[in-house]
Structures are given as C-alpha cells and as structure tokens.
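Text of start18.cif (mmCIF, C-alpha atoms) as supplied:
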data_structure
loop_
_atom_site.label_atom_id
_atom_site.label_comp_id
_atom_site.auth_asym_id
_atom_site.auth_seq_id
_atom_site.Cartn_x
_atom_site.Cartn_y
_atom_site.Cartn_z
CA MET A 1 114.63 145.74 120.55
CA TRP A 2 114.56 145.07 124.35
CA PRO A 3 112.65 142.06 125.68
CA GLY A 4 108.94 142.83 126.17
CA GLU A 5 109.05 145.92 123.98
CA GLY A 6 106.34 144.49 121.75
CA LEU A 7 103.96 143.93 124.68
CA TRP A 8 104.72 147.42 126.02
CA ARG A 9 103.92 149.00 122.63
CA THR A 10 100.61 147.08 122.47
CA ILE A 11 99.55 148.25 125.96
CA LYS A 12 100.59 151.82 125.18
CA THR A 13 98.64 151.82 121.95
CA TRP A 14 95.54 150.41 123.65
CA TRP A 15 95.92 152.85 126.60
CA ASN A 16 95.91 155.90 124.35
CA ALA A 17 93.26 154.66 121.88
CA PRO A 18 89.81 156.34 121.92
CA SER A 19 87.57 154.59 124.45
CA GLY A 20 84.52 154.45 122.12
CA ASN A 21 81.66 152.28 123.38
CA TYR A 22 83.77 150.97 126.26
CA GLY A 23 84.12 154.55 127.49
CA GLN A 24 80.37 155.19 127.08
CA ALA A 25 79.56 152.07 129.10
CA VAL A 26 82.03 152.93 131.87
CA GLN A 27 80.65 156.48 132.04
CA SER A 28 77.11 155.17 132.38
CA VAL A 29 78.02 152.79 135.24
CA ALA A 30 80.14 155.40 137.01
CA ALA A 31 77.42 158.06 136.72
CA GLN A 32 74.99 155.64 138.38
CA SER A 33 77.47 154.61 141.07
CA PHE A 34 78.38 158.19 142.03
CA SER A 35 74.83 159.52 141.42
CA ALA A 36 76.42 162.16 139.21
CA SER A 37 74.65 162.91 135.94
CA ASP A 38 77.48 165.24 134.83
CA MET A 39 80.12 162.50 134.92
CA PRO A 40 82.40 163.09 131.87
CA VAL A 41 82.90 160.41 129.21
CA PRO A 42 86.48 159.05 129.35
CA GLN A 43 88.34 159.95 126.16
CA THR A 44 90.87 157.10 126.11
CA ASN A 45 90.89 153.45 127.20
CA GLY A 46 93.31 154.39 129.98
CA GLU A 47 90.92 156.98 131.41
CA ALA A 48 88.05 154.52 131.10
CA LEU A 49 90.00 151.86 132.99
CA PHE A 50 90.68 154.24 135.88
CA MET A 51 87.05 155.35 135.99
CA SER A 52 85.82 151.76 136.10
CA MET A 53 88.28 150.96 138.93
CA ALA A 54 87.03 153.98 140.91
CA ALA A 55 83.40 152.94 140.40
CA ALA A 56 84.21 149.40 141.47
CA ALA A 57 86.00 150.59 144.60
CA TYR A 58 83.06 152.86 145.47
CA ASN A 59 80.53 150.07 144.95
CA THR A 60 82.56 147.65 147.05
CA GLY A 61 82.58 150.08 149.99
CA HIS A 62 78.96 150.99 149.44
CA SER A 63 77.79 147.41 149.60
CA ALA A 64 79.81 146.58 152.71
CA PRO A 65 77.80 144.64 155.25
CA GLY A 66 75.85 146.13 158.14
CA ASN A 67 77.50 148.71 160.33
CA LEU A 68 80.69 148.84 158.23
CA LYS A 69 78.79 150.73 155.55
CA ILE A 70 79.25 154.50 155.55
CA SER A 71 77.63 156.45 152.77
CA ALA A 72 80.03 158.68 150.85
CA ARG A 73 77.60 161.58 151.24
CA THR A 74 76.78 161.14 154.92
CA ASN A 75 78.07 163.54 157.57
CA VAL A 76 79.74 161.54 160.29
CA SER A 77 79.01 162.94 163.74
CA VAL A 78 82.19 163.79 165.62
CA GLU A 79 80.41 164.35 168.93
CA SER A 80 81.45 161.71 171.39
CA PRO A 81 78.62 160.01 173.25
CA GLU A 82 81.03 159.40 176.13
CA PRO A 83 81.21 162.10 178.83
CA VAL A 84 84.39 164.18 178.88
CA SER A 85 87.01 162.77 181.27
CA LEU A 86 87.32 164.43 184.69
CA GLY A 87 90.78 165.80 183.93
CA GLN A 88 89.65 167.19 180.59
CA ARG A 89 86.56 168.76 182.17
CA ALA A 90 88.68 170.34 184.91
CA ILE A 91 90.91 171.88 182.24
CA GLU A 92 87.89 173.12 180.28
CA ILE A 93 86.45 174.92 183.32
CA HIS A 94 89.89 176.16 184.32
CA SER A 95 90.45 177.71 180.90
CA GLU A 96 87.37 179.91 181.24
CA VAL A 97 89.51 182.44 183.13
CA LYS A 98 92.48 184.42 181.81
CA PRO A 99 95.82 182.55 181.50
CA ALA A 100 97.42 184.64 184.27
CA THR A 101 94.67 183.57 186.65
CA GLN A 102 94.96 179.96 185.47
CA SER A 103 98.63 179.90 186.40
CA ARG A 104 97.84 180.50 190.09
CA THR A 105 94.61 178.52 190.49
CA THR A 106 93.44 174.90 190.19
CA ILE A 107 90.10 173.36 189.31
CA ALA A 108 89.18 169.84 190.40
CA VAL A 109 86.22 167.75 189.26
CA GLY A 110 84.99 164.75 191.22
CA GLU A 111 82.43 162.24 190.00
CA GLY A 112 80.11 160.27 192.22
CA THR A 113 76.51 159.53 193.13
CA ASP A 114 74.16 161.63 195.24
CA ALA A 115 71.70 160.34 197.84
CA SER A 116 69.14 159.64 195.10
CA GLY A 117 71.61 157.56 193.12
CA ASN A 118 72.13 160.16 190.40
CA THR A 119 75.58 160.54 188.88
CA VAL A 120 76.85 164.03 189.63
CA ARG A 121 80.08 165.94 189.20
CA VAL A 122 81.35 168.27 191.93
CA VAL A 123 83.56 171.14 190.75
CA GLY A 124 85.92 172.83 193.20
CA SER A 125 88.49 175.60 192.98
CA SER A 126 91.67 176.39 194.89
CA GLU A 127 90.24 179.88 195.36
CA PRO A 128 88.67 180.24 198.82
CA ASN A 129 85.73 182.15 197.35
CA GLY A 130 85.02 179.31 194.93
CA LEU A 131 84.54 179.41 191.18
CA ARG A 132 84.71 182.66 189.24
CA LYS A 133 81.77 184.09 187.29
CA GLN A 134 82.91 182.65 183.94
CA GLN A 135 83.47 179.22 185.48
CA ILE A 136 80.03 179.12 187.10
CA ALA A 137 78.51 180.06 183.74
CA ALA A 138 80.35 177.13 182.10
CA LEU A 139 78.87 174.47 184.41
CA LYS A 140 76.64 171.88 182.74
CA PRO A 141 73.58 170.12 184.14
CA GLY A 142 74.69 167.60 186.74
CA GLU A 143 77.72 169.68 187.72
CA ILE A 144 77.69 171.23 191.18
CA ALA A 145 79.88 174.13 192.34
CA ALA A 146 81.69 173.47 195.60
CA THR A 147 83.03 176.11 197.95
CA GLY A 148 85.36 175.92 200.89
CA PRO A 149 88.96 176.46 201.96
CA GLY A 150 91.87 174.34 200.83
CA HIS A 151 93.04 172.84 197.59
CA ALA A 152 90.51 172.21 194.84
CA GLU A 153 90.58 168.42 195.30
CA VAL A 154 90.00 168.71 199.06
CA THR A 155 87.21 171.22 198.50
CA VAL A 156 85.49 168.71 196.21
CA MET A 157 85.72 165.91 198.76
CA ASN A 158 84.67 168.07 201.73
CA TYR A 159 81.71 169.43 199.83
CA ALA A 160 80.69 165.95 198.70
CA LYS A 161 80.88 164.59 202.24
CA ALA A 162 78.79 167.46 203.61
CA ASN A 163 76.16 166.99 200.90
CA ASP A 164 75.85 163.20 200.97
CA ILE A 165 77.62 162.66 197.65
CA ASN A 166 79.75 159.55 197.30
CA ILE A 167 82.75 160.57 195.20
CA LYS A 168 84.46 157.73 193.28
CA SER A 169 87.11 159.57 191.28
CA VAL A 170 88.64 163.01 191.02
CA GLY A 171 90.72 164.83 188.41
CA ALA A 172 92.41 168.22 188.48
CA SER A 173 93.62 170.85 186.02
CA ARG A 174 97.10 170.94 187.59
CA PRO A 175 99.12 168.03 188.98
CA ILE A 176 97.74 166.80 192.31
CA CYS A 177 100.00 167.56 195.29
CA PHE A 178 101.23 164.90 197.73
CA ASN A 179 98.92 165.98 200.59
CA CYS A 180 95.86 165.97 198.36
CA ALA A 181 96.86 162.58 196.96
CA LEU A 182 97.01 161.20 200.52
CA GLN A 183 93.58 162.62 201.37
CA ILE A 184 92.11 161.31 198.13
CA GLN A 185 93.47 157.86 198.87
CA ALA A 186 92.30 157.99 202.49
CA ASN A 187 88.76 158.66 201.26
CA GLY A 188 88.87 155.66 198.94
CA VAL A 189 88.69 157.92 195.90
CA ALA A 190 90.67 157.35 192.70
CA ALA A 191 92.89 160.16 191.41
CA VAL A 192 92.57 160.08 187.62
CA THR A 193 95.03 162.84 186.71
CA PRO A 194 98.81 163.01 187.28
CA LEU A 195 100.34 163.67 190.66
CA LYS A 196 102.85 166.45 191.25
CA VAL A 197 106.42 165.22 190.92
CA VAL A 198 108.40 165.94 194.05
CA LYS A 199 111.94 167.04 193.27
CA LYS A 200 114.65 165.10 195.08
CA VAL A 201 116.95 167.25 197.17
CA SER A 202 120.56 166.33 196.40
CA GLN A 203 122.76 165.64 199.43
CA MET B 1 84.52 186.57 175.60
CA ASP B 2 81.35 187.53 177.51
CA ALA B 3 79.11 190.57 176.94
CA PHE B 4 81.00 192.67 179.50
CA GLU B 5 84.35 192.03 177.80
CA GLU B 6 82.93 192.71 174.33
CA ASN B 7 81.44 196.00 175.49
CA ILE B 8 84.64 197.15 177.20
CA GLN B 9 86.75 196.16 174.19
CA LYS B 10 84.44 198.03 171.80
CA LYS B 11 84.62 201.18 173.91
CA LEU B 12 88.39 200.97 174.44
CA MET B 13 89.13 200.42 170.76
CA PRO B 14 89.11 204.08 169.59
CA LEU B 15 91.41 205.23 172.42
CA SER B 16 95.13 205.79 171.86
CA ASN B 17 97.54 203.27 173.39
CA GLU B 18 98.51 205.80 176.07
CA LYS B 19 94.88 206.24 177.06
CA LYS B 20 94.29 202.48 177.08
CA LEU B 21 97.28 202.15 179.41
CA LEU B 22 95.95 204.96 181.62
CA PHE B 23 92.62 203.14 181.91
CA ALA B 24 94.44 199.97 183.01
CA LEU B 25 96.62 201.92 185.39
CA LEU B 26 93.59 203.48 187.09
CA VAL B 27 92.06 200.00 187.52
CA CYS B 28 95.35 198.67 188.95
CA GLU B 29 95.38 201.49 191.49
CA LYS B 30 91.88 200.53 192.62
CA LEU B 31 92.99 196.92 193.09
CA TYR B 32 96.28 197.74 194.83
CA PRO B 33 94.79 198.15 198.39
CA ASN B 34 93.51 194.55 198.14
CA TYR B 35 97.09 193.33 197.75
CA LEU B 36 98.19 195.39 200.78
CA TYR B 37 95.34 193.86 202.79
CA PHE B 38 96.39 190.34 201.76
CA GLN B 39 100.05 191.05 202.51
CA ARG B 40 99.20 192.19 206.04
CA ARG B 41 96.88 189.28 206.72
CA CYS B 42 99.08 186.51 205.30
CA ASP B 43 102.47 188.09 205.95
CA TRP B 44 103.53 187.30 202.37
CA GLY B 45 104.32 189.38 199.31
CA ASP B 46 105.91 192.71 198.48
CA SER B 47 103.59 195.58 197.64
CA ASN B 48 106.56 197.79 196.70
CA VAL B 49 107.02 195.72 193.55
CA LEU B 50 103.51 196.63 192.42
CA LEU B 51 104.03 200.28 193.35
CA GLU B 52 107.24 200.44 191.31
CA ALA B 53 105.48 198.89 188.31
CA LEU B 54 102.67 201.43 188.61
CA GLU B 55 105.26 204.23 188.75
CA LEU B 56 106.91 202.88 185.60
CA MET B 57 103.57 202.92 183.82
CA TYR B 58 102.84 206.50 184.92
CA GLN B 59 106.19 207.67 183.64
CA SER B 60 105.63 205.85 180.35
CA LEU B 61 102.40 207.77 179.82
CA PHE B 62 104.41 210.96 179.44
CA ASN B 63 107.45 209.47 177.73
CA SER B 64 106.78 206.17 175.99
CA SER B 65 110.43 205.60 175.10
CA LEU B 66 111.63 205.95 178.67
CA PHE B 67 111.72 202.19 179.27
CA GLY B 68 112.83 199.45 176.88
CA ASN B 69 111.24 196.03 176.48
CA ARG B 70 113.94 194.39 178.58
CA GLU B 71 113.22 196.67 181.52
CA ILE B 72 109.47 196.09 181.21
CA GLU B 73 110.06 192.31 181.11
CA GLN B 74 112.16 192.57 184.27
CA TYR B 75 109.26 194.31 186.02
CA MET B 76 106.90 191.60 184.76
CA ASN B 77 109.17 188.94 186.26
CA SER B 78 109.28 190.82 189.56
CA VAL B 79 105.47 191.06 189.66
CA ASP B 80 105.28 187.35 188.88
CA THR B 81 107.44 186.50 191.90
CA VAL B 82 105.17 188.41 194.30
CA THR B 83 101.94 186.98 192.82
CA PRO B 84 100.37 184.53 195.28
CA ASP B 85 99.29 181.04 194.27
CA THR B 86 95.81 180.34 195.59
CA GLU B 87 96.90 176.83 196.60
CA ASP B 88 99.28 178.32 199.18
CA PHE B 89 96.82 180.45 201.17
CA LEU B 90 93.48 179.75 202.83
CA ASP B 91 92.60 183.42 203.32
CA SER B 92 89.82 184.68 201.07
CA SER B 93 91.86 187.79 200.22
CA VAL B 94 94.31 185.69 198.18
CA SER B 95 92.08 185.87 195.09
CA LEU B 96 91.84 189.64 195.41
CA ALA B 97 95.63 189.89 195.68
CA LEU B 98 95.95 187.63 192.66
CA ASP B 99 93.72 189.96 190.65
CA ALA B 100 95.74 192.98 191.78
CA CYS B 101 98.93 191.31 190.52
CA THR B 102 97.58 189.95 187.26
CA ALA B 103 96.13 193.39 186.46
CA VAL B 104 99.59 194.98 186.80
CA TYR B 105 101.18 192.12 184.87
CA SER B 106 98.69 192.48 182.00
CA SER B 107 99.19 196.25 181.90
CA LEU B 108 102.96 195.78 181.59
CA ASN B 109 102.34 193.17 178.91
CA PHE B 110 100.29 195.74 176.99
CA MET B 111 103.30 198.06 177.00
CA LEU B 112 105.20 195.35 175.14
CA ASP B 113 102.76 194.32 172.40
CA HIS B 114 99.86 196.84 172.56
CA ASP B 115 97.36 193.98 172.42
CA ILE B 116 94.02 195.38 173.61
CA GLU B 117 93.13 192.01 175.16
CA HIS B 118 95.54 192.74 178.01
CA ILE B 119 93.58 195.88 178.88
CA VAL B 120 90.26 194.06 178.61
CA ALA B 121 91.73 191.44 180.97
CA VAL B 122 92.49 194.19 183.50
CA ALA B 123 88.83 195.25 183.43
CA VAL B 124 87.82 191.59 183.92
CA TYR B 125 90.12 191.21 186.95
CA ALA B 126 88.39 194.18 188.60
CA ARG B 127 84.97 192.77 187.72
CA ASP B 128 85.99 189.36 189.14
CA THR B 129 87.23 190.98 192.34
CA VAL B 130 83.92 192.73 192.87
CA TYR B 131 82.02 189.53 191.97
CA MET B 132 83.94 187.41 194.46
CA SER B 133 83.62 190.01 197.21
CA ILE B 134 79.82 190.08 196.78
CA VAL B 135 79.62 186.26 196.84
CA ASN B 136 81.80 186.27 199.96
CA ARG B 137 79.94 189.15 201.68
CA ASP B 138 76.48 187.62 201.16
CA GLU B 139 77.69 184.00 201.56
CA LEU B 140 75.86 183.08 198.36
CA ASP B 141 75.35 179.51 197.21
CA MET B 142 76.79 179.33 193.69
CA ASN B 143 74.32 176.60 192.74
CA LEU B 144 71.28 178.76 193.39
CA LYS B 145 69.31 179.65 190.29
CA GLY B 146 69.53 183.37 189.63
CA MET B 147 72.70 183.77 191.70
CA ASP B 148 74.60 185.31 188.78
CA ALA B 149 71.79 187.77 188.07
CA ARG B 150 71.71 188.75 191.73
CA VAL B 151 75.45 189.47 191.85
CA SER B 152 75.39 191.23 188.48
CA SER B 153 72.67 193.59 189.68
CA ASP B 154 74.26 194.26 193.07
CA PRO B 155 74.83 198.01 193.60
CA LEU B 156 78.58 197.37 194.12
CA MET B 157 78.87 195.59 190.75
CA LEU B 158 76.79 198.20 188.94
CA LYS B 159 78.94 200.94 190.47
CA GLU B 160 82.20 199.34 189.32
CA ILE B 161 80.98 198.77 185.76
CA ALA B 162 79.64 202.33 185.61
CA ARG B 163 82.98 203.57 186.95
CA GLN B 164 84.95 201.76 184.25
CA LEU B 165 82.65 202.97 181.47
CA SER B 166 82.76 206.53 182.81
CA VAL B 167 86.58 206.52 182.80
CA ILE B 168 86.63 205.27 179.20
CA GLU B 169 84.09 207.92 178.21
CA GLU B 170 86.15 210.66 179.82
CA LEU B 171 89.29 209.44 178.08
CA GLY B 172 87.47 209.47 174.76
CA ASN B 173 86.16 212.98 175.27
CA PRO B 174 87.77 215.32 172.69
CA LYS B 175 88.39 217.94 175.37
CA ASN B 176 90.74 215.45 177.06
CA LYS B 177 92.98 215.03 174.03
CA ILE B 178 96.16 215.36 176.07
CA ILE B 179 96.90 213.29 179.16
CA SER B 180 97.53 215.81 181.92
CA ASP B 181 98.02 215.56 185.68
CA GLU B 182 94.70 217.28 186.08
CA LEU B 183 92.94 214.65 183.95
CA ILE B 184 94.58 211.81 185.88
CA GLN B 185 93.63 213.32 189.24
CA ASN B 186 90.10 213.81 187.99
CA LEU B 187 89.83 210.17 186.87
CA LYS B 188 91.27 208.86 190.13
CA ARG B 189 88.27 210.09 192.10
CA GLY B 190 85.89 207.73 193.84
CA ASP B 191 85.94 205.20 196.66
CA ALA B 192 87.53 201.79 196.80
CA ILE B 193 85.81 199.28 194.50
CA ILE B 194 85.15 196.81 197.34
CA ASP B 195 84.71 197.11 201.09
CA LEU B 196 87.49 194.98 202.57
CA SER B 197 86.08 195.31 206.08
CA VAL B 198 83.10 193.08 205.23
CA LEU B 199 85.19 190.21 203.79
CA LYS B 200 84.48 187.01 205.67
CA ASP B 201 86.84 184.17 206.48
CA ILE B 202 85.89 181.04 204.56
#

Write-out of the structure in structure tokens:
Amino acid sequence: MWPGEGLWRTIKTWWNAPSGNYGQAVQSVAAQSFSASDMPVPQTNGEALFMSMAAAAYNTGHSAPGNLKISARTNVSVESPEPVSLGQRAIEIHSEVKPATQSRTTIAVGEGTDASGNTVRVVGSSEPNGLRKQQIAALKPGEIAATGPGHAEVTVMNYAKANDINIKSVGASRPICFNCALQIQANGVAAVTPLKVVKKVSQ
Amino acid sequence: MDAFEENIQKKLMPLSNEKKLLFALLVCEKLYPNYLYFQRRCDWGDSNVLLEALELMYQSLFNSSLFGNREIEQYMNSVDTVTPDTEDFLDSSVSLALDACTAVYSSLNFMLDHDIEHIVAVAVYARDTVYMSIVNRDELDMNLKGMDARVSSDPLMLKEIARQLSVIEELGNPKNKIISDELIQNLKRGDAIIDLSVLKDI
C-alpha cells in the first residue's frame, strides 16, 4: 500500500457516490444563477462539485462592482466610438476601386477645422480628375472630396488652403514620398502614416 | 459590388468563356485610343505592348490552346511595365491610360483563371473612364449634391452602358453561336466611348 492510498480511495469513493440531496441543492442554486430551468441534476458528488464551482464563478463575475460587470447574456458592442484613423480611412476609400487601379493610385485624408470651427476631413486622390465614382459614394458626412493636380497629399493641402480649412494631420494609403513629406512639414501639418523609404544607391 | 457591376455580371454569366473574353476584348479596343493619347501627350509608355496583348487575345478566341499560362503571364508583366502610375503624371489623361492598361491586364488574367470578376472589372474600367471624362469635361464639383446622378444620366454614360449591354445581348443571341470575323466586325461598330478633344487640363 503506497502512502496516501487510503485518502485517495476515500476521495474516489466520495467523488463517484450518488449526489443525493447535495446534488439537488447544487442544481437548484445553479439553475437560479444561470436562469436555466432545464439545468440537469448532477448524478455524482464530483459532478455536483463542478456545478457548484461554475455557479460560484458565475456569481462572482455577476456581482462585480460597477462598470466591471458584464452580463453573460449581453451583446457587447464592437463598434468603436473613436473615429477611424486617417491612414485607415485612406485605405478604406482606396480599396473601393479594383486592386489593379489601387496599385497605381493613392488616396490621402487630411483632418482639420473649417472656417466655422467644424472638424472636417479632406479626401484627395493622386488622379488628376479626383476621386472615382465608387470612392465618392463611400464618403461619409464631414468628408470633402478634393480635386487638383499633384500627389494626393498635396491635393488635400492645396484644396484645404483654397477653402479656408486648417489641416492638422494627413495620412495616405501608400507611403508618403519625400517631396510630399517636405510640403507637409512646411505647412505645419503632421504626417500620420509611414514615409516612403528611399533606397540608398551603392557606390 | 454596385448595381452596375451586379447587372453586368448577371448578364455575362450565361456566356461561354470565349464570348466573355470577346466582350472584354471589345472594351479594351475602345479604351486603347486613350492610352495612345496619353503616350503622345506625356511621351511615356509603349502602346505596342497593349496591341500585342490584344492580338494574343484575338488569336486565343479561335484557338484557346495557342498560348500557355507562362506566355500569358509574360504578357501581363509587359503590360504592367507600361502601366502609368498616377503619381508620376499631372496630365488628366493618365487615369484614362491606366484604365486602358488595367482592362488589358484583367482580360489576360481571365485567360488564366476564367474568373468572371476580371471581365466585370473591364466593364467597370470603361465606366470609370466615361465617368471621369464627364467630370473633367463639365468641371463638376464632386461635393455637389446630385453630382453622381447627373453624371450617371449624362448621354455619354447612358450610351456606353447601352453599348456594353447591347454587345452582351448580341453575344448571347443563339444565332451568334459561333464567334466569326463577321460577328466581331459587327460588334466593333460605333464611335469612341469618350471625346478626347474636350478633355481639359487640370
């Protein structure tokens, strides 16, 4: 007989014994906790122990204080109250056109305030004719389509200047080129998406 | 996918792969002059690459096993190298040239995988070209309410959509079961889809 074998046999016997009244009691508490009238009665003490632990864990979470409490049957909203970042929004509008078109075009989104103090977003394209049909259709309230020659970022800033919009930051769907980065900086605007990496020419 | 794309896809669906390719090819031919126009204005590009790709597609209509995937991929790479990036050109024709190239590229892509979306994309490129040329011609403000409805109901846009639908209808006509030179010549009829002479510098 190995040490502790007696204790092990006792636990095993209790674990597999019919739960009886203990099981009925656990089932009643668990049914209330989970608001489930069809909760089954545990057949053994082992099953009853697990059910009581589950009910206890549920009740502990359920009675958590204040804003930590999340009901087990509540749908948690996944919609972010924060506006989408400029870079992300540029990519969203960019992806409205076919991938082959995306590969040769850029969309930039700049955020600032108009003359009335409203926050607006100016959307520009690298295409001289401006945004395409699908991209115009994707614009949300507060987003303004910009037209004009030049890179998307420059189009955004030129349009903003001409329409009394004070742009604070700009993001683009493709890495921002060196010239655009210089112009963005010269206008006191923050570039919030990556800059194009210039390859070093080996000597 | 917008209503235009859904409608085109639904109507293209019953056509054989050869007829789908012929539809795309006919659209590519309508867009080709826009590339030539861009090439002359910007002194960049190689229209011969597009012409060779169109020739390959024509030949494939009559003998689908004439070209292997590797050869088609080589043509796709060639088209890719002569496709302009809109960041490199200020001329308003660059977008039209881009559409001409992407239409040919998508058509070649269809020859590889027979995915109908490539053909629908070709129809969209032509629609976009007409859309942009109307916006450019009339110097429309994109932020104006009703701008999209105005462009969509422009005679030039209605004509292009009607042209595409008419070609698909002809291809689906049981009397045109076989693709013949006569059928192709018949479907090629009509003017250019946009008037390049009215394009304005931005």

Can you turn the PyMOL selection byres ((chain B) within 6 of (chain A)) into a concrete residue list for this file, as a list in words? Asp85, Thr86, Glu87, Leu90 and Ser92 of chain B

### Message
Given the PyMOL selection byres ((chain B and resi 18-25) around 9) and the file above, list the residues it selects as a ChimeraX atom specification.
### Response
/B:12-13,15-17,26-30,54,57-58,60-62,64,103-104,106-108,110-111,116,118-120,122-123,164,167-168,171-172,179,184

So that I can check the surroundings of Arg127 of chain B, please list as a PDB file with C-alpha atoms, in the frame of the given file every protein, DNA and RNA residue that reaches within 8 Å of it, counting all atoms listed in the file and ignoring chain neighbours fewer than 2 positions away.
ATOM      1  CA  ALA B 123      88.830 195.250 183.430  1.00  0.00           C
ATOM      2  CA  VAL B 124      87.820 191.590 183.920  1.00  0.00           C
ATOM      3  CA  TYR B 125      90.120 191.210 186.950  1.00  0.00           C
ATOM      4  CA  THR B 129      87.230 190.980 192.340  1.00  0.00           C
ATOM      5  CA  VAL B 130      83.920 192.730 192.870  1.00  0.00           C
ATOM      6  CA  TYR B 131      82.020 189.530 191.970  1.00  0.00           C
ATOM      7  CA  MET B 157      78.870 195.590 190.750  1.00  0.00           C
ATOM      8  CA  GLU B 160      82.200 199.340 189.320  1.00  0.00           C
ATOM      9  CA  ILE B 161      80.980 198.770 185.760  1.00  0.00           C
TER      10      ILE B 161
END

Residues near Trp44 of chain B, anyone? I mean within 9 Å using all atoms listed in the file, not counting same-chain ones fewer than 5 positions away, as a list in words. Phe38, Gln39, Val82 and Pro84 of chain B

Note to self: Show me the residues close to (108.7, 192.0, 174.8) - anything with an atom within 10 Å, counting only C-alpha atoms - and format the list as a PyMOL selection string.
What the structure shows: chain B and resi 68-73+108-113

With C-alpha atoms retained, could you export that selection as a compact mmCIF listing (two decimals), in the coordinates of the input?
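What ended up in result-v5.txt:
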# COMPACT_ATOMS: atom_id res chain seq x y z
CA GLY B 68 112.83 199.45 176.88
CA ASN B 69 111.24 196.03 176.48
CA ARG B 70 113.94 194.39 178.58
CA GLU B 71 113.22 196.67 181.52
CA ILE B 72 109.47 196.09 181.21
CA GLU B 73 110.06 192.31 181.11
CA LEU B 108 102.96 195.78 181.59
CA ASN B 109 102.34 193.17 178.91
CA PHE B 110 100.29 195.74 176.99
CA MET B 111 103.30 198.06 177.00
CA LEU B 112 105.20 195.35 175.14
CA ASP B 113 102.76 194.32 172.40

Give me the residues near segment 181-183 of chain B as a PDB file with C-alpha atoms, in the coordinates of the input, where near means some atom within 10 Å (using all atoms listed in the file) and where sequence neighbours in that chain fewer than 4 positions away do not count.
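And here's result08.pdb as it stands now:
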ATOM      1  CA  GLU B 170      86.150 210.660 179.820  1.00  0.00           C
ATOM      2  CA  LEU B 171      89.290 209.440 178.080  1.00  0.00           C
ATOM      3  CA  ASN B 176      90.740 215.450 177.060  1.00  0.00           C
ATOM      4  CA  LYS B 177      92.980 215.030 174.030  1.00  0.00           C
ATOM      5  CA  LEU B 187      89.830 210.170 186.870  1.00  0.00           C
ATOM      6  CA  LYS B 188      91.270 208.860 190.130  1.00  0.00           C
TER       7      LYS B 188
END

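Atom pair atom CA of Val41 of chain A / atom CA of Asn16 of chain A: separated by 14.6 Å.
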
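Here atom CA of Asn118 of chain A and atom CA of Asn163 of chain A stand 13.2 Å from one another.
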
Computed gap from atom CA of Ser47 of chain B to atom CA of Phe89 of chain B is 16.9 Å

Item to check | Neighbour residues at most 6 Å from (99.6, 186.4, 189.9) (all atoms listed in the file) as a PyMOL selection string | outcome: chain B and resi 80+83-84+98+101-102

Quick one: axis-aligned box around all listed atoms of segment 137-140 of chain A, 3 Å on every side, centre and edge lengths in Å to one decimal, written as JSON.
{"center_x": 78.5, "center_y": 176.0, "center_z": 183.3, "size_x": 9.7, "size_y": 14.2, "size_z": 8.3}

| request: Starting from the shown file, work through the PyMOL selection byres ((chain A and resi 175) around 8) and note down what comes out as a ChimeraX atom specification. | output: /A:172-174,176-177,193-196

In terms of all atoms listed in the file, the residue from A:Ser116, A:Glu153, A:Glu111, A:Ala138 at minimal distance from Ile167 of chain A is A:Glu111

One residue among B:Gln9, B:Asn143, B:Asn173, B:Ser133 is nearest to Leu156 of chain B when using all atoms listed in the file, and that residue is B:Ser133
